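A.B. asks: What follows is protein03.pdb, PDB, C-alpha atoms.
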```
ATOM      1  CA  MET A  20       0.000   0.000   0.000
ATOM      2  CA  ARG A  21       1.349   3.433  -0.930
ATOM      3  CA  LEU A  22       2.132   6.170   1.592
ATOM      4  CA  THR A  23      -0.733   8.353   0.392
ATOM      5  CA  ASP A  24      -3.222   5.505   0.793
ATOM      6  CA  ARG A  25      -1.913   4.688   4.273
ATOM      7  CA  THR A  26      -2.157   8.338   5.268
ATOM      8  CA  LEU A  27      -5.674   8.725   3.893
ATOM      9  CA  ASN A  28      -6.831   5.522   5.553
ATOM     10  CA  ARG A  29      -6.007   7.063   8.949
ATOM     11  CA  LEU A  30      -8.352   9.976   8.370
ATOM     12  CA  PRO A  31     -12.093   9.897   9.077
ATOM     13  CA  ARG A  32     -13.911   8.355   6.103
ATOM     14  CA  PRO A  33     -15.719  11.552   4.989
ATOM     15  CA  VAL A  34     -12.448  13.518   4.989
ATOM     16  CA  ALA A  35     -10.536  10.730   3.232
ATOM     17  CA  SER A  36     -13.277  10.427   0.627
ATOM     18  CA  LEU A  37     -13.273  14.175   0.009
ATOM     19  CA  MET A  38      -9.491  14.195  -0.352
ATOM     20  CA  ARG A  39      -9.584  11.262  -2.759
ATOM     21  CA  ASP A  40     -12.235  13.001  -4.843
ATOM     22  CA  HIS A  41     -10.042  16.121  -5.034
ATOM     23  CA  ARG A  42      -6.654  14.405  -5.065
ATOM     24  CA  GLU A  43      -5.248  16.642  -7.792
ATOM     25  CA  THR A  44      -6.041  19.787  -5.808
ATOM     26  CA  VAL A  45      -4.688  18.226  -2.596
ATOM     27  CA  LYS A  46      -1.429  17.334  -4.349
ATOM     28  CA  PHE A  47      -1.238  20.826  -5.861
ATOM     29  CA  VAL A  48      -1.645  22.355  -2.388
ATOM     30  CA  ILE A  49       1.082  20.071  -0.958
ATOM     31  CA  VAL A  50       3.470  21.048  -3.770
ATOM     32  CA  GLY A  51       2.454  24.667  -3.240
ATOM     33  CA  GLY A  52       3.220  24.408   0.471
ATOM     34  CA  PHE A  53       6.652  22.997  -0.250
ATOM     35  CA  CYS A  54       7.328  25.678  -2.849
ATOM     36  CA  TYR A  55       6.072  28.326  -0.420
ATOM     37  CA  PHE A  56       8.892  27.362   1.936
ATOM     38  CA  VAL A  57      11.362  27.441  -0.969
ATOM     39  CA  THR A  58      10.103  30.956  -1.750
ATOM     40  CA  LEU A  59      10.321  31.964   1.896
ATOM     41  CA  LEU A  60      13.894  30.709   2.283
ATOM     42  CA  VAL A  61      15.170  32.240  -0.963
ATOM     43  CA  ASN A  62      13.302  35.519  -0.395
ATOM     44  CA  TYR A  63      14.623  36.086   3.099
ATOM     45  CA  GLY A  64      18.038  34.711   2.172
ATOM     46  CA  LEU A  65      18.300  37.414  -0.483
ATOM     47  CA  ARG A  66      16.664  40.147   1.611
ATOM     48  CA  LEU A  67      19.016  39.602   4.515
ATOM     49  CA  THR A  68      22.117  39.605   2.295
ATOM     50  CA  VAL A  69      22.576  40.946  -1.237
ATOM     51  CA  LEU A  70      19.118  42.452  -1.885
ATOM     52  CA  GLU A  71      18.490  44.133   1.443
ATOM     53  CA  ASP A  72      17.074  47.298  -0.169
ATOM     54  CA  LYS A  73      15.141  45.526  -2.964
ATOM     55  CA  PRO A  74      12.323  43.423  -1.458
ATOM     56  CA  VAL A  75      10.250  43.200  -4.667
ATOM     57  CA  THR A  76      13.299  41.944  -6.608
ATOM     58  CA  ALA A  77      14.086  39.406  -3.874
ATOM     59  CA  LEU A  78      10.505  38.117  -3.891
ATOM     60  CA  THR A  79      10.487  37.922  -7.681
ATOM     61  CA  ILE A  80      13.728  35.888  -7.781
ATOM     62  CA  ALA A  81      12.412  33.627  -5.012
ATOM     63  CA  ASN A  82       9.230  33.013  -6.997
ATOM     64  CA  VAL A  83      11.178  32.167 -10.143
ATOM     65  CA  VAL A  84      13.259  29.595  -8.230
ATOM     66  CA  ALA A  85      10.121  28.105  -6.645
ATOM     67  CA  SER A  86       8.415  28.007 -10.054
ATOM     68  CA  VAL A  87      11.139  25.784 -11.481
ATOM     69  CA  VAL A  88      10.776  23.391  -8.549
ATOM     70  CA  SER A  89       6.998  23.598  -8.877
ATOM     71  CA  TYR A  90       6.996  22.647 -12.559
ATOM     72  CA  TYR A  91       8.809  19.408 -11.948
ATOM     73  CA  LEU A  92       6.748  18.435  -8.898
ATOM     74  CA  ASN A  93       3.416  19.409 -10.459
ATOM     75  CA  ARG A  94       4.134  17.659 -13.747
ATOM     76  CA  GLU A  95       5.394  14.469 -12.165
ATOM     77  CA  TRP A  96       3.027  14.264  -9.193
ATOM     78  CA  SER A  97       0.103  16.718  -8.934
ATOM     79  CA  PHE A  98      -0.939  16.594 -12.587
ATOM     80  CA  ARG A  99       0.697  13.258 -13.362
ATOM     81  CA  THR A 100      -2.200  11.930 -15.415
ATOM     82  CA  ARG A 101      -2.810  15.209 -17.221
ATOM     83  CA  GLY A 102      -1.122  16.414 -20.344
ATOM     84  CA  GLY A 103      -2.125  16.424 -23.957
ATOM     85  CA  ARG A 104       0.537  18.811 -25.192
ATOM     86  CA  ARG A 105       4.050  18.302 -26.472
ATOM     87  CA  ARG A 106       6.654  18.845 -23.776
ATOM     88  CA  HIS A 107       8.087  22.049 -25.282
ATOM     89  CA  HIS A 108       4.600  23.536 -25.754
ATOM     90  CA  GLU A 109       3.658  22.560 -22.208
ATOM     91  CA  MET A 110       6.860  24.148 -20.865
ATOM     92  CA  ALA A 111       6.288  27.363 -22.824
ATOM     93  CA  LEU A 112       2.750  27.685 -21.465
ATOM     94  CA  TYR A 113       4.012  26.896 -17.980
ATOM     95  CA  LEU A 114       6.634  29.647 -18.222
ATOM     96  CA  VAL A 115       4.095  32.214 -19.451
ATOM     97  CA  ILE A 116       1.606  31.298 -16.722
ATOM     98  CA  ASN A 117       4.297  31.370 -14.053
ATOM     99  CA  GLY A 118       5.519  34.717 -15.332
ATOM    100  CA  LEU A 119       1.987  35.994 -14.789
ATOM    101  CA  GLY A 120       1.912  34.190 -11.428
ATOM    102  CA  VAL A 121       5.150  35.892 -10.338
ATOM    103  CA  ALA A 122       3.680  39.278 -11.314
ATOM    104  CA  ILE A 123       0.440  38.484  -9.450
ATOM    105  CA  ASN A 124       2.492  37.406  -6.416
ATOM    106  CA  ALA A 125       4.612  40.581  -6.409
ATOM    107  CA  ALA A 126       1.744  43.008  -7.117
ATOM    108  CA  PRO A 127       0.349  43.277  -3.540
ATOM    109  CA  LEU A 128       3.850  43.888  -2.140
ATOM    110  CA  PHE A 129       4.576  46.470  -4.840
ATOM    111  CA  ILE A 130       1.269  48.245  -4.114
ATOM    112  CA  ALA A 131       1.845  48.154  -0.346
ATOM    113  CA  ARG A 132       5.337  49.605  -0.630
ATOM    114  CA  TYR A 133       5.128  52.031  -3.512
ATOM    115  CA  VAL A 134       1.449  53.056  -3.652
ATOM    116  CA  PHE A 135       0.492  52.954   0.042
ATOM    117  CA  GLY A 136       4.015  53.904   1.182
ATOM    118  CA  LEU A 137       4.338  51.132   3.774
ATOM    119  CA  GLN A 138       8.121  51.410   4.036
ATOM    120  CA  GLU A 139      10.683  53.236   6.135
ATOM    121  CA  PRO A 140      10.834  56.127   6.997
ATOM    122  CA  ALA A 141       7.051  56.553   6.632
ATOM    123  CA  VAL A 142       6.473  53.540   8.916
ATOM    124  CA  SER A 143       8.587  51.702  11.467
ATOM    125  CA  ALA A 144      10.821  48.774  10.490
ATOM    126  CA  LEU A 145       8.446  46.381  12.279
ATOM    127  CA  VAL A 146       5.398  47.666  10.374
ATOM    128  CA  GLU A 147       7.368  47.443   7.130
ATOM    129  CA  GLU A 148       8.319  43.795   7.788
ATOM    130  CA  ILE A 149       4.782  42.831   8.789
ATOM    131  CA  SER A 150       3.414  44.586   5.713
ATOM    132  CA  ASP A 151       5.978  42.931   3.423
ATOM    133  CA  PHE A 152       5.176  39.496   4.808
ATOM    134  CA  GLY A 153       1.406  39.977   4.765
ATOM    135  CA  PHE A 154       1.179  41.502   1.314
ATOM    136  CA  GLY A 155       4.002  39.586  -0.373
ATOM    137  CA  MET A 156       4.212  36.177   1.252
ATOM    138  CA  VAL A 157       0.560  35.723   2.240
ATOM    139  CA  LEU A 158      -1.803  37.722   0.024
ATOM    140  CA  GLY A 159       0.350  37.603  -3.114
ATOM    141  CA  THR A 160       0.999  33.888  -2.722
ATOM    142  CA  ALA A 161      -2.716  33.150  -2.229
ATOM    143  CA  PHE A 162      -3.730  35.090  -5.352
ATOM    144  CA  ALA A 163      -0.966  33.504  -7.421
ATOM    145  CA  MET A 164      -1.810  29.987  -6.183
ATOM    146  CA  LEU A 165      -5.462  30.280  -7.172
ATOM    147  CA  PHE A 166      -4.499  31.667 -10.574
ATOM    148  CA  ARG A 167      -1.943  28.900 -11.173
ATOM    149  CA  LEU A 168      -4.303  26.067 -10.206
ATOM    150  CA  TRP A 169      -6.908  27.361 -12.640
ATOM    151  CA  ALA A 170      -4.397  28.092 -15.418
ATOM    152  CA  TYR A 171      -2.523  24.767 -15.129
ATOM    153  CA  ARG A 172      -5.763  22.836 -15.493
ATOM    154  CA  MET A 173      -7.019  25.067 -18.279
ATOM    155  CA  TRP A 174      -3.898  25.438 -20.436
ATOM    156  CA  VAL A 175      -0.744  23.630 -19.286
ATOM    157  CA  PHE A 176      -2.175  20.215 -18.404
ATOM    158  CA  PRO A 177      -5.600  20.434 -20.114
ATOM    159  CA  HIS A 178      -6.534  16.794 -20.652
ATOM    160  CA  ASP A 179      -7.080  14.272 -17.877
ATOM    161  CA  ASP A 180      -6.063  10.594 -17.984
ATOM    162  CA  VAL A 181      -3.581  10.908 -20.854
ATOM    163  CA  ARG A 182      -0.583   9.528 -18.940
ATOM    164  CA  PRO A 183      -0.443   6.447 -16.724
ATOM    165  CA  ALA A 184      -0.338   7.009 -12.985
ATOM    166  CA  PRO A 185       1.160   4.183 -10.965
ATOM    167  CA  ASP A 186       0.524   6.121  -7.748
ATOM    168  CA  ARG A 187      -3.167   6.854  -8.409
ATOM    169  CA  TRP A 188      -5.032   6.997  -5.128
ATOM    170  CA  ASP A 189      -7.422   4.144  -4.598
ATOM    171  CA  HIS A 190     -11.033   5.382  -4.461
ATOM    172  CA  THR A 191     -12.141   2.624  -2.150
ATOM    173  CA  VAL A 192     -11.658   2.363   1.563
ATOM    174  CA  PRO A 193     -10.097  -1.014   2.319
ATOM    175  CA  ALA A 194     -12.459  -3.405   4.017
ATOM    176  CA  GLN A 195     -11.571  -6.235   6.311
ATOM    177  CA  VAL A 196     -10.733  -9.307   4.259
ATOM    178  CA  SER A 197     -12.901 -12.200   5.250
ATOM    179  CA  ALA A 198     -12.906 -15.815   4.160
ATOM    180  CA  ALA A 199     -15.904 -15.111   1.877
ATOM    181  CA  SER A 200     -14.257 -12.220   0.005
ATOM    182  CA  PRO A 201     -11.585 -12.728  -2.638
ATOM    183  CA  ALA A 202      -7.989 -11.953  -1.704
ATOM    184  CA  PRO A 203      -6.851  -8.422  -2.580
ATOM    185  CA  ALA A 204      -3.882  -9.745  -4.612
ATOM    186  CA  ALA A 205      -6.225 -11.707  -6.849
ATOM    187  CA  GLN A 206      -8.278  -8.569  -7.530
ATOM    188  CA  ALA A 207      -5.174  -6.529  -8.373
ATOM    189  CA  ASP A 208      -4.093  -9.025 -11.058
ATOM    190  CA  SER A 209      -7.400  -8.872 -12.925
ATOM    191  CA  PRO A 210      -7.567  -6.549 -15.972
TER
END
```
For the structure just supplied, provide its representation as structure tokens.
C.D. replies:
Amino acid sequence: MRLTDRTLNRLPRPVASLMRDHRETVKFVIVGGFCYFVTLLVNYGLRLTVLEDKPVTALTIANVVASVVSYYLNREWSFRTRGGRRRHHEMALYLVINGLGVAINAAPLFIARYVFGLQEPAVSALVEEISDFGFGMVLGTAFAMLFRLWAYRMWVFPHDDVRPAPDRWDHTVPAQVSAASPAPAAQADSP
């Protein structure tokens, strides 16, 4: 039994069923969470060193790095059964959509800093940091995530069930095997 099945089988049945029904979205959110931490680490790594005075640039670079990681993980796991486009066409669409996603992610931070003036000396360093985190890492990321989920399904990976998925989540909750029911191994071998 795969790790995802074992994990889901520990959840209450209604929750497990809901997660199985929306497995693609659940996987996308898991990849997004991982890439969020990549973004966070790269962003603050740059902001605390070489790009101290350029928070929008640091966030943009961090999002580009996370987008590369995201493409691989989404293609090979979240949207594993989706496709329908040649690899180079898929990659080009992915790059365009992620370019838009990076702009969407940076827009709230840009507006907070340069339209609303939420930066030193107009506000304290603490208010500036809270504003940067809230507008850039929270609000911007949320907007970009929703846009990317919609756009990946619509354009990058438009067709479902075009590639095999050896890790496809089982839609059934395992029952206790009794003497009257056939063995699970025998069911797995049937076409």
A.B. asks: What are the closest atom pairs, with distances in Å to one decimal, for all residues of segment 24-77 of chain A lying within 12 Å of segment 95-115 of chain A? Consider all atoms listed in the file, order rows by chain and residue number, and present the result as CSV.
C.D. replies:
```
residue,atom,partner,partner_atom,distance
A:His41,CA,A:Ser97,CA,10.9
A:Arg42,CA,A:Ser97,CA,8.1
A:Glu43,CA,A:Ser97,CA,5.5
A:Thr44,CA,A:Ser97,CA,7.5
A:Val45,CA,A:Ser97,CA,8.1
A:Lys46,CA,A:Ser97,CA,4.9
A:Phe47,CA,A:Ser97,CA,5.3
A:Val48,CA,A:Ser97,CA,8.8
A:Ile49,CA,A:Ser97,CA,8.7
A:Val50,CA,A:Ser97,CA,7.5
A:Gly51,CA,A:Ser97,CA,10.1
```
A.B. asks: Measure the distance from atom CA of Cys54 of chain A to atom CA of Trp174 of chain A in Å and round it to one decimal.
C.D. replies: 20.9 Å
A.B. asks: Have a look at atom CA of Gly120 of chain A and atom CA of Arg39 of chain A and let me know their distance in Å, one decimal.
C.D. replies: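 Rounded to one decimal, the two atoms are 27.1 Å apart.
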A.B. asks: One decimal, in Å: what's the spacing between atom CA of Phe166 of chain A and atom CA of Ile123 of chain A?
C.D. replies: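 These two atoms are separated by 8.5 Å.
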A.B. asks: I'd like the contact shell of Leu128 of chain A - 8 Å cut-off, all atoms listed in the file, skipping same-chain residues fewer than 4 positions apart - returned as an mmCIF file with C-alpha atoms, keeping the file's coordinate frame.
C.D. replies:
```
data_model
loop_
_atom_site.group_PDB
_atom_site.id
_atom_site.type_symbol
_atom_site.label_atom_id
_atom_site.label_comp_id
_atom_site.auth_asym_id
_atom_site.auth_seq_id
_atom_site.Cartn_x
_atom_site.Cartn_y
_atom_site.Cartn_z
ATOM 1 C CA VAL A 75 10.250 43.200 -4.667
ATOM 2 C CA ASN A 124 2.492 37.406 -6.416
ATOM 3 C CA ARG A 132 5.337 49.605 -0.630
ATOM 4 C CA SER A 150 3.414 44.586 5.713
ATOM 5 C CA ASP A 151 5.978 42.931 3.423
ATOM 6 C CA PHE A 154 1.179 41.502 1.314
ATOM 7 C CA GLY A 155 4.002 39.586 -0.373
ATOM 8 C CA GLY A 159 0.350 37.603 -3.114
#
```
A.B. asks: Can you tell me which residues surround Glu147 of chain A at a distance of at most 12 Å, considering all atoms listed in the file, apart from same-chain residues fewer than 2 positions away, and format the answer as a list in words?
C.D. replies: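 Residues meeting the cut-off are Pro74, Leu128, Ala131, Arg132, Tyr133, Phe135, Gly136, Leu137, Gln138, Glu139, Pro140, Ala141, Val142, Ser143, Ala144, Leu145, Ile149, Ser150, Asp151, Phe152, Gly153, Phe154 and Gly155 of chain A.
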A.B. asks: I need the residue nearest Ile116 of chain A from this list: A:Leu92, A:Phe176, A:Phe129, A:Met156. Use all atoms listed in the file for the distance.
C.D. replies: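 Under the stated criterion, the closest residue is A:Phe176.
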A.B. asks: Step by step, work through what the PyMOL selection byres ((chain A and resi 76-88) around 7) selects in the shown file, and finish by giving those residues as a short mmCIF file (atom, residue, chain, number, x, y, z; two decimals) with C-alpha atoms, keeping the file's coordinate frame.
C.D. replies:
```cif
data_model
loop_
_atom_site.label_atom_id
_atom_site.label_comp_id
_atom_site.auth_asym_id
_atom_site.auth_seq_id
_atom_site.Cartn_x
_atom_site.Cartn_y
_atom_site.Cartn_z
CA CYS A 54 7.33 25.68 -2.85
CA VAL A 57 11.36 27.44 -0.97
CA THR A 58 10.10 30.96 -1.75
CA VAL A 61 15.17 32.24 -0.96
CA ASN A 62 13.30 35.52 -0.40
CA LEU A 65 18.30 37.41 -0.48
CA ARG A 66 16.66 40.15 1.61
CA LEU A 70 19.12 42.45 -1.88
CA LYS A 73 15.14 45.53 -2.96
CA PRO A 74 12.32 43.42 -1.46
CA VAL A 75 10.25 43.20 -4.67
CA SER A 89 7.00 23.60 -8.88
CA TYR A 90 7.00 22.65 -12.56
CA TYR A 91 8.81 19.41 -11.95
CA LEU A 92 6.75 18.43 -8.90
CA ASN A 117 4.30 31.37 -14.05
CA VAL A 121 5.15 35.89 -10.34
CA ALA A 125 4.61 40.58 -6.41
#
```
A.B. asks: Copy segment 50-63 of chain A out of the block into a file, keeping all heavy atoms, as an mmCIF file, in the first residue's frame.
C.D. replies:
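Once everything was written out, this is decode_8.cif:
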```
data_model
loop_
_atom_site.group_PDB
_atom_site.id
_atom_site.type_symbol
_atom_site.label_atom_id
_atom_site.label_comp_id
_atom_site.auth_asym_id
_atom_site.auth_seq_id
_atom_site.Cartn_x
_atom_site.Cartn_y
_atom_site.Cartn_z
ATOM 1 N N VAL A 50 2.337 20.504 -3.000
ATOM 2 C CA VAL A 50 3.470 21.048 -3.770
ATOM 3 C C VAL A 50 3.579 22.545 -3.525
ATOM 4 O O VAL A 50 4.676 23.077 -3.320
ATOM 5 C CB VAL A 50 3.309 20.747 -5.281
ATOM 6 C CG1 VAL A 50 4.300 21.545 -6.101
ATOM 7 C CG2 VAL A 50 3.480 19.262 -5.539
ATOM 8 N N GLY A 51 2.442 23.234 -3.507
ATOM 9 C CA GLY A 51 2.454 24.667 -3.240
ATOM 10 C C GLY A 51 3.013 24.999 -1.867
ATOM 11 O O GLY A 51 3.756 25.970 -1.712
ATOM 12 N N GLY A 52 2.675 24.191 -0.871
ATOM 13 C CA GLY A 52 3.220 24.408 0.471
ATOM 14 C C GLY A 52 4.725 24.238 0.507
ATOM 15 O O GLY A 52 5.443 25.040 1.111
ATOM 16 N N PHE A 53 5.208 23.207 -0.181
ATOM 17 C CA PHE A 53 6.652 22.997 -0.250
ATOM 18 C C PHE A 53 7.324 24.165 -0.966
ATOM 19 O O PHE A 53 8.336 24.695 -0.494
ATOM 20 C CB PHE A 53 6.963 21.677 -0.965
ATOM 21 C CG PHE A 53 8.426 21.433 -1.148
ATOM 22 C CD1 PHE A 53 9.209 21.021 -0.087
ATOM 23 C CD2 PHE A 53 9.029 21.630 -2.383
ATOM 24 C CE1 PHE A 53 10.568 20.802 -0.241
ATOM 25 C CE2 PHE A 53 10.385 21.417 -2.554
ATOM 26 C CZ PHE A 53 11.158 21.004 -1.477
ATOM 27 N N CYS A 54 6.754 24.575 -2.083
ATOM 28 C CA CYS A 54 7.328 25.678 -2.849
ATOM 29 C C CYS A 54 7.196 27.008 -2.116
ATOM 30 O O CYS A 54 8.017 27.910 -2.302
ATOM 31 C CB CYS A 54 6.714 25.740 -4.241
ATOM 32 S SG CYS A 54 7.243 24.350 -5.266
ATOM 33 N N TYR A 55 6.196 27.137 -1.264
ATOM 34 C CA TYR A 55 6.072 28.326 -0.420
ATOM 35 C C TYR A 55 7.291 28.440 0.484
ATOM 36 O O TYR A 55 7.867 29.524 0.635
ATOM 37 C CB TYR A 55 4.789 28.253 0.408
ATOM 38 C CG TYR A 55 4.608 29.418 1.357
ATOM 39 C CD1 TYR A 55 4.113 30.630 0.903
ATOM 40 C CD2 TYR A 55 4.937 29.295 2.701
ATOM 41 C CE1 TYR A 55 3.945 31.700 1.765
ATOM 42 C CE2 TYR A 55 4.776 30.360 3.571
ATOM 43 C CZ TYR A 55 4.274 31.558 3.105
ATOM 44 O OH TYR A 55 4.120 32.612 3.965
ATOM 45 N N PHE A 56 7.710 27.325 1.075
ATOM 46 C CA PHE A 56 8.892 27.362 1.936
ATOM 47 C C PHE A 56 10.163 27.616 1.131
ATOM 48 O O PHE A 56 11.070 28.297 1.608
ATOM 49 C CB PHE A 56 9.000 26.087 2.777
ATOM 50 C CG PHE A 56 8.028 26.093 3.919
ATOM 51 C CD1 PHE A 56 6.910 25.290 3.892
ATOM 52 C CD2 PHE A 56 8.200 26.939 5.008
ATOM 53 C CE1 PHE A 56 5.984 25.316 4.919
ATOM 54 C CE2 PHE A 56 7.286 26.978 6.040
ATOM 55 C CZ PHE A 56 6.173 26.162 6.004
ATOM 56 N N VAL A 57 10.234 27.116 -0.094
ATOM 57 C CA VAL A 57 11.362 27.441 -0.969
ATOM 58 C C VAL A 57 11.382 28.953 -1.207
ATOM 59 O O VAL A 57 12.425 29.600 -1.093
ATOM 60 C CB VAL A 57 11.282 26.661 -2.301
ATOM 61 C CG1 VAL A 57 12.298 27.194 -3.311
ATOM 62 C CG2 VAL A 57 11.470 25.176 -2.073
ATOM 63 N N THR A 58 10.210 29.512 -1.526
ATOM 64 C CA THR A 58 10.103 30.956 -1.750
ATOM 65 C C THR A 58 10.513 31.728 -0.504
ATOM 66 O O THR A 58 11.269 32.702 -0.589
ATOM 67 C CB THR A 58 8.656 31.346 -2.143
ATOM 68 O OG1 THR A 58 8.273 30.590 -3.276
ATOM 69 C CG2 THR A 58 8.541 32.825 -2.446
ATOM 70 N N LEU A 59 10.018 31.299 0.632
ATOM 71 C CA LEU A 59 10.321 31.964 1.896
ATOM 72 C C LEU A 59 11.825 31.963 2.172
ATOM 73 O O LEU A 59 12.412 33.006 2.491
ATOM 74 C CB LEU A 59 9.562 31.255 3.024
ATOM 75 C CG LEU A 59 9.466 31.933 4.367
ATOM 76 C CD1 LEU A 59 8.594 33.168 4.271
ATOM 77 C CD2 LEU A 59 8.867 30.964 5.381
ATOM 78 N N LEU A 60 12.454 30.818 2.019
ATOM 79 C CA LEU A 60 13.894 30.709 2.283
ATOM 80 C C LEU A 60 14.723 31.552 1.309
ATOM 81 O O LEU A 60 15.626 32.279 1.722
ATOM 82 C CB LEU A 60 14.335 29.248 2.220
ATOM 83 C CG LEU A 60 13.838 28.353 3.343
ATOM 84 C CD1 LEU A 60 14.194 26.893 3.068
ATOM 85 C CD2 LEU A 60 14.419 28.794 4.673
ATOM 86 N N VAL A 61 14.410 31.468 0.026
ATOM 87 C CA VAL A 61 15.170 32.240 -0.963
ATOM 88 C C VAL A 61 14.915 33.736 -0.774
ATOM 89 O O VAL A 61 15.854 34.545 -0.779
ATOM 90 C CB VAL A 61 14.830 31.797 -2.403
ATOM 91 C CG1 VAL A 61 15.490 32.704 -3.426
ATOM 92 C CG2 VAL A 61 15.254 30.341 -2.626
ATOM 93 N N ASN A 62 13.651 34.106 -0.571
ATOM 94 C CA ASN A 62 13.302 35.519 -0.395
ATOM 95 C C ASN A 62 14.061 36.135 0.778
ATOM 96 O O ASN A 62 14.734 37.154 0.625
ATOM 97 C CB ASN A 62 11.791 35.649 -0.193
ATOM 98 C CG ASN A 62 11.351 37.083 0.016
ATOM 99 O OD1 ASN A 62 11.763 37.983 -0.701
ATOM 100 N ND2 ASN A 62 10.491 37.300 0.997
ATOM 101 N N TYR A 63 13.959 35.503 1.934
ATOM 102 C CA TYR A 63 14.623 36.086 3.099
ATOM 103 C C TYR A 63 16.140 35.889 3.048
ATOM 104 O O TYR A 63 16.880 36.711 3.584
ATOM 105 C CB TYR A 63 14.002 35.572 4.395
ATOM 106 C CG TYR A 63 12.721 36.309 4.669
ATOM 107 C CD1 TYR A 63 11.488 35.734 4.385
ATOM 108 C CD2 TYR A 63 12.728 37.608 5.155
ATOM 109 C CE1 TYR A 63 10.309 36.433 4.590
ATOM 110 C CE2 TYR A 63 11.558 38.319 5.363
ATOM 111 C CZ TYR A 63 10.361 37.726 5.078
ATOM 112 O OH TYR A 63 9.202 38.430 5.273
#
```
